[in-house]
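Structure first, commentary second.
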Amino acid sequence: MKKVLTLFLVVFFGSCQYFEKQVPNEKELLEQELKKVDWNKVDEYPSISTCDSLTDPEMRKQCFFEYLTATIQQKLNVDTPFNKLYPEIDTIEVKVTVLPDATMQFEPQFPQDSVTYDKVKIDSILHARLVDLPKVNPASKRGIPVKTQFILPVILKVE
């Protein structure tokens with residue numbers, strides 16, 4: 001009996017090392033997770049309340065871009081000096097930045113060789129007209145609101 005008990009104790013204490021698990025290094029785990037994440041894409045695009053009812057992410061994204069483009073066109077076409085100051089401009093590209101705190105910033109984009117436009121004046125008109133926009137839900141990455149930027153072509157003249 002003593003031999004069996006001794007053998008059992010030797011096996012029991014000798015096998016404890018098999019039950020120990022190595023604790024992974026915290027920095028290595030963080031690096032592995034950061035490599036898995038695609039930082040150039042968001043999980044959810046920015047949205048507004050009228051598009052939130054859509055379940056398909058692509059449809060929701062399309063709804064947001066169409067709504068924002070139409071709203072910007074409407075605000076710029078109402079009694080705007082664009083048509084008087086620059087009758088040759090029919091489309092303007094606007095860089096839209098949606099910040100994590102749900103605010104938006106607008107910046108007109110011009111061709112690199114463009115010297116015929118008063119960029120400061122166009123920028124001020126843009127900022128003066130694009131106020132009181134509906135609340136925007138920012139884009140999110142892994143559940144955290146993030147900053148997104150995109151360029152929208154805004155048609156000023158419809159013929």
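Chain lettering (A, B, ...) mirrors the order of the structure tokens, residue numbering begins at 1 for each chain separately, and ligand numbering begins at 1 in order of display.
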Could you list, as a CSV table (one decimal) with N, CA, C and O atoms, in the first residue's frame, every residue within 7 Å of Ile151 of chain A, counting only C-alpha atoms and ignoring same-chain residues fewer than 4 positions away?
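Listing of selection-v7.csv after writing:
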```csv
chain,number,residue,atom,x,y,z
A,93,GLU,N,-16.2,70.4,-54.8
A,93,GLU,CA,-15.9,69.3,-54.0
A,93,GLU,C,-15.7,69.8,-52.6
A,93,GLU,O,-15.0,70.7,-52.3
A,94,VAL,N,-16.4,69.1,-51.6
A,94,VAL,CA,-16.3,69.5,-50.2
A,94,VAL,C,-15.8,68.3,-49.4
A,94,VAL,O,-16.3,67.2,-49.5
A,95,LYS,N,-14.7,68.6,-48.7
A,95,LYS,CA,-14.2,67.6,-47.8
A,95,LYS,C,-15.0,67.7,-46.5
A,95,LYS,O,-14.9,68.8,-45.8
A,96,VAL,N,-15.6,66.6,-46.1
A,96,VAL,CA,-16.5,66.6,-44.9
A,96,VAL,C,-15.7,65.8,-43.8
A,96,VAL,O,-15.3,64.7,-44.1
```
Neighbour list for segment 34-41 of chain A as a ChimeraX atom specification, cut-off 9 Å, only C-alpha atoms, skip fewer than 4 positions in-chain: /A:29-30,141
Test item: residues at most 9 Å from Leu99 of chain A, only C-alpha atoms, excluding those fewer than 5 positions along its chain, as a list in words: Met104, Gln105, Pro138, Ala139, Pro145, Val146, Lys147, Thr148 and Gln149 of chain A
Residue nearest Ile48 of chain A - candidates A:Gly143, A:Pro100, A:Pro153, A:Pro134, atoms counted: only C-alpha atoms: A:Pro134
Interatomic distance (Å, one decimal) between atom CA of Phe150 of chain A and atom CA of Thr50 of chain A: 20.1 Å
Residue nearest Pro108 of chain A - candidates A:Leu9, A:Leu152, A:Cys51, A:Leu68, atoms counted: only C-alpha atoms: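 Checking each candidate against Pro108 of chain A, we get A:Leu152 as the closest.
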Alpha helix (DSSP H) per DSSP on the backbone: members of segment 17-84 of chain A, as an MDAnalysis selection string: chainID A and resid 17:19 26:36 57:77 82:84
If you keep C-alpha atoms, can you produce a file of those selected residues as a PDB file, in the first residue's frame?
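Final file, again_39.pdb:
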```pdb
ATOM      1  CA  GLN A  17       3.596  21.204 -14.147  1.00  0.00           C
ATOM      2  CA  TYR A  18       1.153  19.991 -16.802  1.00  0.00           C
ATOM      3  CA  PHE A  19      -1.647  22.024 -15.243  1.00  0.00           C
ATOM      4  CA  GLU A  26       0.442  41.733 -22.164  1.00  0.00           C
ATOM      5  CA  LYS A  27       2.476  43.665 -24.729  1.00  0.00           C
ATOM      6  CA  GLU A  28       2.557  40.734 -27.131  1.00  0.00           C
ATOM      7  CA  LEU A  29      -1.218  40.319 -26.881  1.00  0.00           C
ATOM      8  CA  LEU A  30      -1.728  44.033 -27.545  1.00  0.00           C
ATOM      9  CA  GLU A  31       0.567  43.937 -30.575  1.00  0.00           C
ATOM     10  CA  GLN A  32      -1.238  40.903 -31.975  1.00  0.00           C
ATOM     11  CA  GLU A  33      -4.632  42.609 -31.567  1.00  0.00           C
ATOM     12  CA  LEU A  34      -3.388  45.832 -33.157  1.00  0.00           C
ATOM     13  CA  LYS A  35      -2.098  43.879 -36.162  1.00  0.00           C
ATOM     14  CA  LYS A  36      -5.514  42.250 -36.610  1.00  0.00           C
ATOM     15  CA  PRO A  57     -24.472  48.722 -43.812  1.00  0.00           C
ATOM     16  CA  GLU A  58     -23.977  49.623 -47.491  1.00  0.00           C
ATOM     17  CA  MET A  59     -27.537  50.957 -47.792  1.00  0.00           C
ATOM     18  CA  ARG A  60     -27.058  52.971 -44.584  1.00  0.00           C
ATOM     19  CA  LYS A  61     -23.796  54.414 -45.930  1.00  0.00           C
ATOM     20  CA  GLN A  62     -25.435  55.283 -49.281  1.00  0.00           C
ATOM     21  CA  CYS A  63     -28.409  56.875 -47.507  1.00  0.00           C
ATOM     22  CA  PHE A  64     -26.101  59.051 -45.399  1.00  0.00           C
ATOM     23  CA  PHE A  65     -24.024  60.237 -48.370  1.00  0.00           C
ATOM     24  CA  GLU A  66     -27.088  60.982 -50.504  1.00  0.00           C
ATOM     25  CA  TYR A  67     -28.811  62.856 -47.687  1.00  0.00           C
ATOM     26  CA  LEU A  68     -25.726  64.905 -46.849  1.00  0.00           C
ATOM     27  CA  THR A  69     -25.055  65.754 -50.510  1.00  0.00           C
ATOM     28  CA  ALA A  70     -28.670  66.825 -51.076  1.00  0.00           C
ATOM     29  CA  THR A  71     -28.696  68.913 -47.885  1.00  0.00           C
ATOM     30  CA  ILE A  72     -25.449  70.699 -48.796  1.00  0.00           C
ATOM     31  CA  GLN A  73     -26.718  71.365 -52.344  1.00  0.00           C
ATOM     32  CA  GLN A  74     -29.976  72.747 -50.996  1.00  0.00           C
ATOM     33  CA  LYS A  75     -28.252  75.052 -48.492  1.00  0.00           C
ATOM     34  CA  LEU A  76     -25.759  76.348 -51.070  1.00  0.00           C
ATOM     35  CA  ASN A  77     -28.327  76.897 -53.841  1.00  0.00           C
ATOM     36  CA  PHE A  82     -21.621  81.315 -55.898  1.00  0.00           C
ATOM     37  CA  ASN A  83     -23.633  81.775 -59.068  1.00  0.00           C
ATOM     38  CA  LYS A  84     -22.935  85.511 -59.158  1.00  0.00           C
TER      39      LYS A  84
END
```
Neighbouring residues of Asn137 of chain A were defined as those with any atom within 9 Å, considering only C-alpha atoms; residues of the same chain fewer than 6 positions away were excluded. Please report them as a PDB file with N, CA, C and O atoms, in the first residue's frame.
```pdb
ATOM      1  N   TYR A  45     -20.246  53.292 -40.539  1.00  0.00           N
ATOM      2  CA  TYR A  45     -20.066  54.622 -41.120  1.00  0.00           C
ATOM      3  C   TYR A  45     -20.920  55.633 -40.367  1.00  0.00           C
ATOM      4  O   TYR A  45     -21.851  55.254 -39.656  1.00  0.00           O
ATOM      5  N   PRO A  46     -20.628  56.924 -40.544  1.00  0.00           N
ATOM      6  CA  PRO A  46     -21.488  57.926 -39.920  1.00  0.00           C
ATOM      7  C   PRO A  46     -22.920  57.761 -40.424  1.00  0.00           C
ATOM      8  O   PRO A  46     -23.147  57.252 -41.518  1.00  0.00           O
ATOM      9  N   SER A  47     -23.863  58.198 -39.618  1.00  0.00           N
ATOM     10  CA  SER A  47     -25.258  58.039 -39.995  1.00  0.00           C
ATOM     11  C   SER A  47     -26.082  59.165 -39.384  1.00  0.00           C
ATOM     12  O   SER A  47     -25.626  59.872 -38.494  1.00  0.00           O
ATOM     13  N   ILE A  48     -27.287  59.301 -39.894  1.00  0.00           N
ATOM     14  CA  ILE A  48     -28.256  60.240 -39.326  1.00  0.00           C
ATOM     15  C   ILE A  48     -29.489  59.443 -38.946  1.00  0.00           C
ATOM     16  O   ILE A  48     -29.654  58.288 -39.342  1.00  0.00           O
ATOM     17  N   SER A  49     -30.372  60.048 -38.188  1.00  0.00           N
ATOM     18  CA  SER A  49     -31.515  59.320 -37.646  1.00  0.00           C
ATOM     19  C   SER A  49     -32.420  58.744 -38.729  1.00  0.00           C
ATOM     20  O   SER A  49     -32.976  57.666 -38.556  1.00  0.00           O
ATOM     21  N   VAL A  98     -16.263  64.241 -40.082  1.00  0.00           N
ATOM     22  CA  VAL A  98     -17.179  63.955 -38.972  1.00  0.00           C
ATOM     23  C   VAL A  98     -16.310  63.556 -37.793  1.00  0.00           C
ATOM     24  O   VAL A  98     -15.607  62.541 -37.836  1.00  0.00           O
ATOM     25  N   PRO A 100     -15.452  62.594 -33.683  1.00  0.00           N
ATOM     26  CA  PRO A 100     -16.053  61.665 -32.715  1.00  0.00           C
ATOM     27  C   PRO A 100     -17.110  62.297 -31.814  1.00  0.00           C
ATOM     28  O   PRO A 100     -17.973  61.596 -31.295  1.00  0.00           O
ATOM     29  N   ASP A 101     -17.069  63.621 -31.645  1.00  0.00           N
ATOM     30  CA  ASP A 101     -18.078  64.280 -30.805  1.00  0.00           C
ATOM     31  C   ASP A 101     -19.316  64.676 -31.610  1.00  0.00           C
ATOM     32  O   ASP A 101     -20.123  65.490 -31.164  1.00  0.00           O
ATOM     33  N   ALA A 102     -19.487  64.112 -32.790  1.00  0.00           N
ATOM     34  CA  ALA A 102     -20.659  64.287 -33.666  1.00  0.00           C
ATOM     35  C   ALA A 102     -20.734  65.667 -34.306  1.00  0.00           C
ATOM     36  O   ALA A 102     -21.783  66.052 -34.801  1.00  0.00           O
ATOM     37  N   THR A 103     -19.642  66.398 -34.337  1.00  0.00           N
ATOM     38  CA  THR A 103     -19.627  67.673 -35.051  1.00  0.00           C
ATOM     39  C   THR A 103     -19.027  67.437 -36.436  1.00  0.00           C
ATOM     40  O   THR A 103     -18.289  66.481 -36.651  1.00  0.00           O
ATOM     41  N   PRO A 145     -16.348  55.799 -31.049  1.00  0.00           N
ATOM     42  CA  PRO A 145     -16.503  56.817 -32.101  1.00  0.00           C
ATOM     43  C   PRO A 145     -15.141  57.277 -32.613  1.00  0.00           C
ATOM     44  O   PRO A 145     -14.217  57.502 -31.825  1.00  0.00           O
TER      45      PRO A 145
END
```
